[in-house]
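Have a look at upload.cif below; it lists mmCIF, C-alpha atoms.
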data_data
#
loop_
_atom_site.label_atom_id
_atom_site.label_comp_id
_atom_site.auth_asym_id
_atom_site.auth_seq_id
_atom_site.Cartn_x
_atom_site.Cartn_y
_atom_site.Cartn_z
CA MET N 1 15.90 20.23 63.47
CA ASP N 2 16.21 16.56 64.47
CA GLU N 3 12.44 16.07 64.35
CA SER N 4 12.12 17.54 60.83
CA ALA N 5 15.05 15.42 59.61
CA LYS N 6 13.44 12.28 61.08
CA LYS N 7 10.14 13.17 59.40
CA LEU N 8 11.90 13.65 56.03
CA GLU N 9 13.68 10.31 56.47
CA ASP N 10 10.36 8.57 57.11
CA GLN N 11 8.86 10.14 53.95
CA VAL N 12 11.81 8.93 51.87
CA ARG N 13 11.47 5.39 53.25
CA LEU N 14 7.73 5.45 52.52
CA ALA N 15 8.38 6.57 48.93
CA VAL N 16 10.97 3.80 48.44
CA TYR N 17 8.53 1.23 49.86
CA GLN N 18 5.74 2.45 47.57
CA ALA N 19 8.06 2.23 44.53
CA ARG N 20 8.90 -1.39 45.36
CA GLU N 21 5.25 -2.20 45.99
CA LEU N 22 4.23 -0.70 42.64
CA GLN N 23 7.00 -2.62 40.88
CA GLU N 24 5.77 -5.91 42.36
CA ALA N 25 2.16 -5.08 41.45
CA ALA N 26 3.17 -4.20 37.87
CA SER N 27 5.22 -7.40 37.50
CA SER N 28 2.31 -9.46 38.83
CA LEU N 29 -0.10 -7.76 36.43
CA ILE N 30 2.24 -8.30 33.45
CA ALA N 31 2.69 -11.97 34.34
CA LYS N 32 -1.06 -12.41 34.70
CA SER N 33 -1.70 -10.57 31.43
CA SER N 34 0.91 -12.70 29.62
CA ILE N 35 -0.85 -15.89 30.75
CA GLU N 36 -4.25 -14.56 29.65
CA GLU N 37 -2.77 -13.28 26.37
CA GLN N 38 -1.27 -16.68 25.60
CA SER N 39 -4.63 -18.32 26.29
CA ILE N 40 -6.43 -15.92 23.93
CA ARG N 41 -3.77 -16.47 21.25
CA GLN N 42 -4.36 -20.20 21.39
CA ARG N 43 -8.14 -19.72 21.15
CA VAL N 44 -7.73 -17.34 18.21
CA SER N 45 -5.46 -19.79 16.41
CA SER N 46 -7.87 -22.65 17.06
CA LEU N 47 -10.90 -20.71 15.82
CA ASP N 48 -9.02 -19.51 12.74
CA SER N 49 -8.16 -23.13 11.88
CA THR N 50 -11.81 -24.08 12.41
CA LEU N 51 -12.95 -21.35 10.00
CA HIS N 52 -10.53 -22.59 7.33
CA ARG N 53 -11.66 -26.18 7.89
CA LEU N 54 -15.34 -25.22 7.62
CA ARG N 55 -14.69 -23.32 4.40
CA SER N 56 -12.93 -26.36 2.92
CA SER N 57 -15.84 -28.56 4.02
CA ILE N 58 -18.33 -26.26 2.31
CA ASP N 59 -16.35 -26.40 -0.95
CA SER N 60 -16.10 -30.18 -0.70
CA HIS N 61 -19.84 -30.61 -0.08
CA LEU N 62 -20.61 -28.24 -2.94
CA ARG N 63 -18.43 -30.20 -5.38
CA GLN N 64 -20.11 -33.43 -4.32
CA LYS N 65 -23.54 -31.77 -4.70
CA LEU N 66 -24.35 -32.48 -1.07
CA LEU N 67 -25.06 -28.81 -0.37
CA HIS N 68 -27.45 -26.40 -2.03
CA PRO N 69 -25.56 -23.59 -3.87
CA GLN N 70 -27.66 -20.88 -2.23
CA LEU N 71 -27.01 -22.31 1.22
CA SER N 72 -23.33 -22.65 0.34
CA SER N 73 -23.10 -18.96 -0.58
CA LYS N 74 -24.89 -18.00 2.63
CA LEU N 75 -22.57 -20.11 4.80
CA GLU N 76 -19.44 -18.79 3.05
CA GLU N 77 -20.65 -15.22 3.56
CA GLU N 78 -21.26 -15.88 7.26
CA LEU N 79 -17.79 -17.41 7.63
CA GLN N 80 -16.28 -14.41 5.85
CA ARG N 81 -18.07 -12.03 8.22
CA ALA N 82 -16.90 -14.06 11.21
CA ARG N 83 -13.30 -13.81 10.04
CA CYS N 84 -13.65 -10.09 9.31
CA THR N 85 -15.00 -9.66 12.85
CA MET N 86 -11.87 -11.30 14.21
CA VAL N 87 -9.46 -9.54 11.87
CA ASP N 88 -11.06 -6.09 12.20
CA GLY N 89 -11.56 -6.15 15.97
CA ASP N 90 -9.21 -6.19 18.92
CA THR N 91 -8.72 -9.91 18.26
CA SER N 92 -6.45 -8.98 15.33
CA SER N 93 -3.59 -8.17 17.71
CA PHE N 94 -3.55 -11.83 18.81
CA PHE N 95 -2.98 -13.20 15.31
CA PRO N 96 0.61 -14.16 14.41
CA SER N 97 2.32 -11.06 13.05
CA ARG N 98 3.81 -10.96 9.58
CA PRO N 99 7.60 -10.84 9.44
CA GLN N 100 9.04 -7.40 8.77
CA GLY N 101 10.82 -7.06 5.46
CA ARG N 102 14.39 -5.99 4.84
CA PHE N 103 13.27 -2.50 3.80
CA LEU N 104 11.80 -1.77 7.23
CA LYS N 105 14.77 -3.29 9.04
CA MET N 106 17.16 -1.26 6.89
CA LEU N 107 15.41 2.05 7.63
CA ILE N 108 14.32 1.71 11.26
CA GLY N 109 16.14 -1.37 12.52
CA PRO N 110 14.65 -4.45 14.24
CA VAL N 111 11.79 -2.49 15.82
CA ASN N 112 8.31 -4.00 16.12
CA VAL N 113 5.97 -1.70 14.18
CA ARG N 114 2.80 -3.72 14.74
CA ALA N 115 0.21 -1.77 16.73
CA THR N 116 -1.41 -3.71 19.56
CA ARG N 117 -4.64 -1.70 19.42
CA LYS N 118 -6.99 -1.55 16.47
CA ASP N 119 -7.60 2.18 16.76
CA LEU N 120 -3.87 2.82 16.30
CA GLN N 121 -3.80 0.61 13.20
CA LEU N 122 -6.79 2.43 11.71
CA LYS N 123 -5.25 5.80 12.55
CA PHE N 124 -2.13 4.84 10.63
CA LYS N 125 -4.28 3.71 7.69
CA GLU N 126 -6.05 7.09 7.63
CA GLU N 127 -2.68 8.82 7.72
CA TYR N 128 -1.62 6.73 4.71
CA ASN N 129 -4.79 7.75 2.84
CA ASN N 130 -4.17 11.42 3.65
CA TYR N 131 -0.59 11.07 2.41
CA ARG N 132 -1.84 9.60 -0.88
CA ASP N 133 -4.38 12.42 -1.29
CA LYS N 134 -1.78 15.15 -0.80
CA THR N 135 0.87 13.53 -2.97
CA ALA N 136 -1.61 12.77 -5.78
CA LEU N 137 -2.37 16.47 -6.11
CA LEU N 138 1.34 17.35 -6.09
CA PHE N 139 1.97 14.55 -8.58
CA LEU N 140 -0.30 16.45 -10.96
CA VAL N 141 0.76 20.02 -10.16
CA PHE N 142 4.56 19.67 -9.96
CA PRO N 143 5.20 18.36 -13.51
CA ALA N 144 2.55 20.71 -14.91
CA ILE N 145 4.48 23.69 -13.52
CA LEU N 146 7.73 22.37 -15.02
CA LEU N 147 6.14 21.91 -18.46
CA ILE N 148 4.56 25.39 -18.37
CA LEU N 149 7.86 27.01 -17.39
CA ARG N 150 9.63 24.98 -20.08
CA SER N 151 7.41 26.54 -22.75
CA TRP N 152 7.18 30.10 -21.39
CA MET N 153 10.51 30.82 -19.72
CA TRP N 154 13.12 28.20 -20.60
CA LYS N 155 12.51 28.03 -24.39
CA GLY N 156 12.20 24.26 -24.48
CA CYS N 157 15.34 23.54 -22.44
CA MET N 158 14.81 23.03 -18.71
CA PRO N 159 17.66 23.75 -16.28
CA ASN N 160 19.00 20.94 -14.13
CA PHE N 161 18.04 22.20 -10.68
CA PRO N 162 14.19 22.30 -10.98
CA VAL N 163 14.09 18.84 -12.55
CA GLN N 164 16.47 17.43 -9.94
CA LEU N 165 14.36 19.06 -7.22
CA TYR N 166 11.34 17.26 -8.67
CA GLN N 167 13.23 13.96 -8.77
CA ALA N 168 14.33 14.44 -5.16
CA TRP N 169 10.69 14.98 -4.21
CA LEU N 170 9.75 11.78 -6.07
CA LEU N 171 12.42 9.90 -4.11
CA PHE N 172 10.93 11.23 -0.87
CA LEU N 173 7.40 10.36 -2.07
CA TYR N 174 8.16 6.76 -3.08
CA THR N 175 10.22 6.13 0.04
CA GLY N 176 7.35 7.41 2.20
CA LEU N 177 4.83 5.26 0.34
CA ALA N 178 6.97 2.13 0.55
CA LEU N 179 7.63 2.66 4.26
CA ARG N 180 3.95 3.20 5.07
CA GLU N 181 2.85 0.25 2.93
CA ASN N 182 5.32 -2.08 4.64
CA ILE N 183 3.99 -1.02 8.04
CA LEU N 184 0.38 -1.45 6.86
CA GLN N 185 1.21 -4.93 5.56
CA VAL N 186 2.68 -5.90 8.93
CA ASN N 187 -0.54 -4.66 10.56
CA GLY N 188 -2.77 -6.87 8.41
CA SER N 189 -3.46 -4.86 5.26
CA ASP N 190 -3.97 -6.67 1.94
CA ILE N 191 -1.50 -4.62 -0.13
CA CYS N 192 -0.08 -6.71 -2.96
CA SER N 193 3.69 -7.14 -2.70
CA TRP N 194 4.15 -6.11 -6.35
CA TRP N 195 2.94 -2.55 -5.73
CA ILE N 196 5.45 -2.19 -2.90
CA HIS N 197 8.22 -3.55 -5.14
CA HIS N 198 7.03 -1.16 -7.83
CA HIS N 199 7.78 1.69 -5.44
CA TYR N 200 11.21 0.19 -4.76
CA CYS N 201 11.92 0.32 -8.50
CA ALA N 202 10.67 3.91 -8.67
CA MET N 203 12.96 4.84 -5.76
CA VAL N 204 15.98 3.38 -7.57
CA MET N 205 15.02 5.16 -10.80
CA THR N 206 14.66 8.58 -9.13
CA LEU N 207 17.92 8.07 -7.24
CA VAL N 208 19.78 7.34 -10.49
CA SER N 209 18.05 10.26 -12.23
CA LEU N 210 19.72 12.65 -9.83
CA THR N 211 23.05 11.69 -11.44
CA TRP N 212 21.89 12.40 -15.01
CA GLU N 213 22.90 15.66 -16.65
CA ILE N 214 19.75 16.50 -18.61
CA LYS N 215 20.91 19.88 -19.96
CA GLY N 216 23.39 19.55 -22.79
CA GLU N 217 24.14 21.76 -25.76
CA PRO N 218 23.59 21.95 -28.66
CA ASN N 219 20.92 19.17 -28.54
CA CYS N 220 19.25 20.15 -25.28
CA VAL N 221 15.69 20.04 -26.66
CA LYS N 222 16.24 16.60 -28.24
CA LYS N 223 17.89 15.32 -25.05
CA GLN N 224 14.96 16.47 -22.94
CA ARG N 225 12.28 14.98 -25.21
CA CYS N 226 12.04 11.87 -23.02
CA VAL N 227 12.00 14.05 -19.90
CA GLN N 228 9.02 15.89 -21.37
CA LEU N 229 7.25 12.58 -22.06
CA PHE N 230 7.95 11.43 -18.50
CA LEU N 231 6.47 14.63 -17.05
CA GLN N 232 3.34 14.23 -19.18
CA TRP N 233 3.02 10.63 -18.03
CA ALA N 234 3.44 11.77 -14.40
CA MET N 235 0.53 14.20 -14.84
CA MET N 236 -1.67 11.35 -16.12
CA GLN N 237 -0.63 9.25 -13.13
CA GLY N 238 -1.65 12.07 -10.81
CA VAL N 239 -5.13 12.12 -12.40
CA ALA N 240 -5.38 8.32 -12.01
CA MET N 241 -4.33 8.51 -8.36
CA LEU N 242 -6.98 11.15 -7.64
CA LEU N 243 -9.67 9.01 -9.28
CA GLN N 244 -8.55 5.91 -7.37
CA ASN N 245 -8.50 7.77 -4.09
CA ARG N 246 -12.00 9.15 -4.63
CA TYR N 247 -14.05 6.45 -6.34
CA GLN N 248 -12.42 3.20 -5.24
CA ARG N 249 -12.15 4.25 -1.60
CA GLN N 250 -15.90 4.90 -1.47
CA ARG N 251 -16.54 1.38 -2.74
CA LEU N 252 -14.02 -0.03 -0.25
CA TYR N 253 -15.91 1.57 2.64
CA THR N 254 -19.11 -0.07 1.36
CA ARG N 255 -17.42 -3.48 1.19
CA ILE N 256 -16.12 -3.03 4.74
CA ALA N 257 -19.64 -2.18 5.96
CA LEU N 258 -20.95 -5.36 4.27
CA GLY N 259 -18.24 -7.47 5.90
CA LYS N 260 -16.60 -8.29 2.54
CA ALA N 261 -13.36 -6.44 3.25
CA LYS N 262 -11.21 -5.66 6.26
CA ARG N 263 -10.95 -2.23 7.81
CA MET N 264 -7.18 -2.30 7.29
CA ASP N 265 -7.54 -2.86 3.53
CA VAL N 266 -6.51 0.06 1.35
CA VAL N 267 -6.93 1.11 -2.28
CA TRP N 268 -4.05 -0.15 -4.39
CA GLY N 269 -3.62 -0.92 -8.06
CA GLU N 270 -7.01 -2.20 -9.19
CA THR N 271 -8.83 -3.17 -5.98
CA ALA N 272 -12.33 -2.43 -4.76
CA GLY N 273 -13.84 -1.29 -8.02
CA VAL N 274 -17.32 -1.96 -9.34
CA ALA N 275 -18.40 -2.17 -12.97
CA GLY N 276 -19.02 1.54 -13.53
CA GLN N 277 -15.81 2.57 -11.81
CA LEU N 278 -13.76 -0.05 -13.67
CA LEU N 279 -15.06 1.24 -17.01
CA LEU N 280 -13.59 4.61 -16.07
CA LEU N 281 -10.42 3.52 -14.28
CA CYS N 282 -9.28 0.54 -16.36
CA PRO N 283 -8.77 2.50 -19.61
CA ILE N 284 -6.85 5.16 -17.69
CA LEU N 285 -4.68 2.53 -15.98
CA PHE N 286 -3.95 0.71 -19.24
CA ILE N 287 -3.18 3.98 -21.04
CA LEU N 288 -0.81 4.90 -18.20
CA GLN N 289 0.97 1.57 -18.48
CA GLY N 290 1.21 1.95 -22.25
CA CYS N 291 2.66 5.46 -21.91
CA GLU N 292 5.14 4.21 -19.31
CA ALA N 293 6.29 1.47 -21.70
CA TYR N 294 6.44 4.00 -24.58
CA VAL N 295 8.70 6.33 -22.59
CA GLY N 296 10.97 3.41 -21.69
CA ILE N 297 11.15 2.17 -25.30
CA SER N 298 11.83 5.74 -26.51
CA LEU N 299 14.76 5.99 -24.11
CA LEU N 300 16.16 2.66 -25.31
CA ARG N 301 15.78 3.63 -28.98
CA THR N 302 17.53 6.92 -28.30
CA ALA N 303 20.40 5.15 -26.54
CA PHE N 304 20.83 2.47 -29.21
CA ALA N 305 20.73 5.11 -31.95
CA MET N 306 23.70 6.73 -30.15
CA GLU N 307 21.86 10.05 -29.91
CA ILE N 308 22.34 10.06 -26.10
CA SER N 309 25.14 7.86 -24.81
CA GLU N 310 24.72 8.12 -21.01
CA TRP N 311 24.25 4.83 -19.15
CA GLN N 312 21.35 6.32 -17.20
CA VAL N 313 19.24 6.39 -20.38
CA ILE N 314 19.51 2.62 -20.89
CA PHE N 315 18.88 2.02 -17.17
CA PHE N 316 15.73 4.19 -17.19
CA GLY N 317 14.43 2.54 -20.36
CA VAL N 318 14.81 -1.01 -19.06
CA LEU N 319 13.33 -0.15 -15.66
CA LEU N 320 10.33 1.71 -17.10
CA VAL N 321 9.47 -1.15 -19.46
CA PHE N 322 9.83 -3.66 -16.61
CA MET N 323 7.53 -1.60 -14.34
CA ALA N 324 4.96 -1.13 -17.11
CA VAL N 325 4.84 -4.88 -17.85
CA GLY N 326 4.59 -5.71 -14.13
CA ASN N 327 1.76 -3.21 -13.61
CA PHE N 328 -0.11 -4.58 -16.64
CA VAL N 329 0.27 -8.22 -15.53
CA TYR N 330 -0.93 -7.58 -11.98
CA THR N 331 -3.80 -5.36 -13.11
CA VAL N 332 -5.02 -8.07 -15.50
CA LYS N 333 -4.51 -10.69 -12.78
CA THR N 334 -6.69 -8.71 -10.37
CA LEU N 335 -9.40 -8.22 -13.00
CA LEU N 336 -9.41 -11.97 -13.75
CA ILE N 337 -9.84 -12.74 -10.05
CA LYS N 338 -12.78 -10.32 -9.92
CA SER N 339 -14.40 -11.79 -13.03
CA ARG N 340 -14.02 -15.38 -11.75
CA PHE N 341 -15.56 -14.43 -8.43
CA LYS N 342 -18.50 -12.71 -10.14
CA ALA N 343 -18.95 -15.69 -12.49
CA LYS N 344 -18.98 -18.04 -9.50
CA MET N 345 -21.64 -15.94 -7.76
CA LYS N 346 -23.77 -15.85 -10.94
CA ARG N 347 -23.53 -19.61 -11.36
CA ALA N 348 -24.55 -20.18 -7.76
CA LYS N 349 -27.48 -17.78 -8.17
CA SER N 350 -28.65 -19.40 -11.42
CA LYS N 351 -28.47 -22.89 -9.91
CA ALA N 352 -30.47 -21.72 -6.92
CA GLU N 353 -33.15 -20.25 -9.24
CA MET N 354 -33.30 -23.48 -11.28
CA ASP N 355 -33.71 -25.61 -8.15
#
As structure tokens, the full file:
Amino acid sequence: MDESAKKLEDQVRLAVYQARELQEAASSLIAKSSIEEQSIRQRVSSLDSTLHRLRSSIDSHLRQKLLHPQLSSKLEEELQRARCTMVDGDTSSFFPSRPQGRFLKMLIGPVNVRATRKDLQLKFKEEYNNYRDKTALLFLVFPAILLILRSWMWKGCMPNFPVQLYQAWLLFLYTGLALRENILQVNGSDICSWWIHHHYCAMVMTLVSLTWEIKGEPNCVKKQRCVQLFLQWAMMQGVAMLLQNRYQRQRLYTRIALGKAKRMDVVWGETAGVAGQLLLLCPILFILQGCEAYVGISLLRTAFAMEISEWQVIFFGVLLVFMAVGNFVYTVKTLLIKSRFKAKMKRAKSKAEMD
């Protein structure tokens, strides 16, 4: 009995000693890793500054006609590939992280959501793409079902619950998109801030819509006319989302393979399109924005004509017009950036051919 107790005591002491030893080894490794990490961060920052300086020097030499345009384009392309190599590789975790916005802090608190490994960042991006694919299909199917039931079963007057259920789903959808886009932006994605703020506006609109009594007699059909227009617009948006997800994402993968885009970039608004795709997508996007503005103006006209007196109608009208104008401005802005870039490349190519 005494011998077995002594043996057990020795095993406990050995386990305690091993725990302390492992703790010291782990602390030493973390301290060593921190020193090496700080060194790599400084080198990354220095090289990033060098790349920016070289790009400025190329532009300066080109303006002063000290550099051949063809050579200038080649050097800029090599610098872009070098930066993409840094941003798309494991080096990206050593760049200064973007500050987290209030939306993230409000939902999850002051938690660091930046992934330290590139494979985790890319996995989150793929999850975001899958989320967009699934929701785009539902964005098309859900309002279509409501409109079909409105004609066949509800005689032109939809009950409150199905529409409110749809609005609750929209609130969940836009909140999920905004949350994912904020996290992607922190992890180095190029998502424009307007499209995230657009989802904020959509969240507010759907939240307010849950307080609106859409079924009212005896003018139920007239009251729901704008709801019908909104559902038709939502179906068009679902078609546009499916086209963006399919065509623009294929082009984005090509640009990533050529080193002209980062692996964390995603399809948003009007990015990553080529001429043939833009001819298809741009009219759809502009029609969508026009329909969005039309629904908003229709709501405002209805409110000012005193046909529907609820405050929600004026709120929806103003917000829809604001979102439509913002979408139009940023779409045109993106197209102008694309056209200027293409014009610059054509000028450089023509000068090279002349020389």
Practice task
For region 41-51 of chain N, please output as a list in words all residues within 8 Å (counting only C-alpha atoms; exclusion window: fewer than 4 positions along the same chain).
Solution key: Glu37, Arg55, Leu79, Arg83, Thr91, Phe94 and Phe95 of chain N
Problem - Neighbour residues at most 10 Å from (-17.8, -24.9, -1.3) (only C-alpha atoms) as a list of chain:residue names - result: N:Leu54, N:Arg55, N:Ser56, N:Ser57, N:Ile58, N:Asp59, N:Ser60, N:His61, N:Leu62, N:Arg63, N:Gln64, N:Lys65, N:Leu67, N:His68, N:Pro69, N:Leu71, N:Ser72, N:Ser73, N:Leu75, N:Glu76
With C-alpha atoms kept, could you save the residues just selected as an mmCIF file, in the frame of the given file?
data_model
loop_
_atom_site.group_PDB
_atom_site.id
_atom_site.type_symbol
_atom_site.label_atom_id
_atom_site.label_comp_id
_atom_site.auth_asym_id
_atom_site.auth_seq_id
_atom_site.Cartn_x
_atom_site.Cartn_y
_atom_site.Cartn_z
ATOM 1 C CA LEU N 54 -15.340 -25.220 7.620
ATOM 2 C CA ARG N 55 -14.690 -23.320 4.400
ATOM 3 C CA SER N 56 -12.930 -26.360 2.920
ATOM 4 C CA SER N 57 -15.840 -28.560 4.020
ATOM 5 C CA ILE N 58 -18.330 -26.260 2.310
ATOM 6 C CA ASP N 59 -16.350 -26.400 -0.950
ATOM 7 C CA SER N 60 -16.100 -30.180 -0.700
ATOM 8 C CA HIS N 61 -19.840 -30.610 -0.080
ATOM 9 C CA LEU N 62 -20.610 -28.240 -2.940
ATOM 10 C CA ARG N 63 -18.430 -30.200 -5.380
ATOM 11 C CA GLN N 64 -20.110 -33.430 -4.320
ATOM 12 C CA LYS N 65 -23.540 -31.770 -4.700
ATOM 13 C CA LEU N 67 -25.060 -28.810 -0.370
ATOM 14 C CA HIS N 68 -27.450 -26.400 -2.030
ATOM 15 C CA PRO N 69 -25.560 -23.590 -3.870
ATOM 16 C CA LEU N 71 -27.010 -22.310 1.220
ATOM 17 C CA SER N 72 -23.330 -22.650 0.340
ATOM 18 C CA SER N 73 -23.100 -18.960 -0.580
ATOM 19 C CA LEU N 75 -22.570 -20.110 4.800
ATOM 20 C CA GLU N 76 -19.440 -18.790 3.050
#
Exercise for the section: Can you pull out every residue within 6 Å of Gly317 (chain N), counting all atoms listed in the file, but drop anything in the same chain fewer than 3 positions away, and send it as a PyMOL selection string? Expected result: chain N and resi 296-297+299-300+314+320
Practice task
Translate the PyMOL selection byres ((chain N and resi 139-144) around 8), as applied to the file shown, into an explicit residue set as a PyMOL selection string.
Solution key: chain N and resi 135-138+145-148+166+231-232+234-239
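The space between CA of Ala168 (chain N) and CA of Thr206 (chain N) spans 7.1 Å.
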Handout entry: Straight-line distance linking CA of Ser298 (chain N) with CA of Trp233 (chain N), stated in Å to one decimal
Key = 13.2 Å
Exercise for the section: One decimal, Å: what's the distance from CA of Leu149 (chain N) over to CA of Val221 (chain N), could you say? Expected result: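 Straight-line distance from CA of Leu149 (chain N) to CA of Val221 (chain N) works out to 14.0 Å.
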Fill in the blank from the handout: Of N:Met158, N:Val186, N:Leu336, N:Ile35, the one nearest to Ser92 (chain N) when counting only C-alpha atoms is N:Val186
Handout entry: Explicit residue set for the PyMOL selection byres ((chain N and resi 98-114) around 10), as a ChimeraX atom specification
Key = /N:93,95-97,115-117,120-121,175,178-180,182-188,200
Problem - Pick from N:Trp212, N:Phe316, N:Phe172, N:Phe286, whichever lies nearest to Phe328 (chain N) using only C-alpha atoms - result: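 Result for the nearest residue to Phe328 (chain N): N:Phe286.
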Exercise for the section: Let me know the residues the PyMOL selection byres ((chain N and resi 208) around 10) catches in the file above, as a list of chain:residue names. Expected result: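 Evaluating the PyMOL selection byres ((chain N and resi 208) around 10) on this file yields N:Gln167, N:Ala202, N:Met203, N:Val204, N:Met205, N:Thr206, N:Leu207, N:Ser209, N:Leu210, N:Thr211, N:Trp212, N:Gln312, N:Val313, N:Phe315, N:Phe316.
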Practice task
May I have the residues within 8 Å of Ala240 (chain N) as a list of chain:residue names, using all atoms listed in the file and disregarding those fewer than 5 positions away in the same chain?
Solution key: N:Leu281, N:Ile284, N:Leu285
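If all atoms listed in the file are the atoms counted, then among N:Leu173, N:Ala324, N:Ile337, N:Val163 the closest residue to Gln228 (chain N) is N:Val163.
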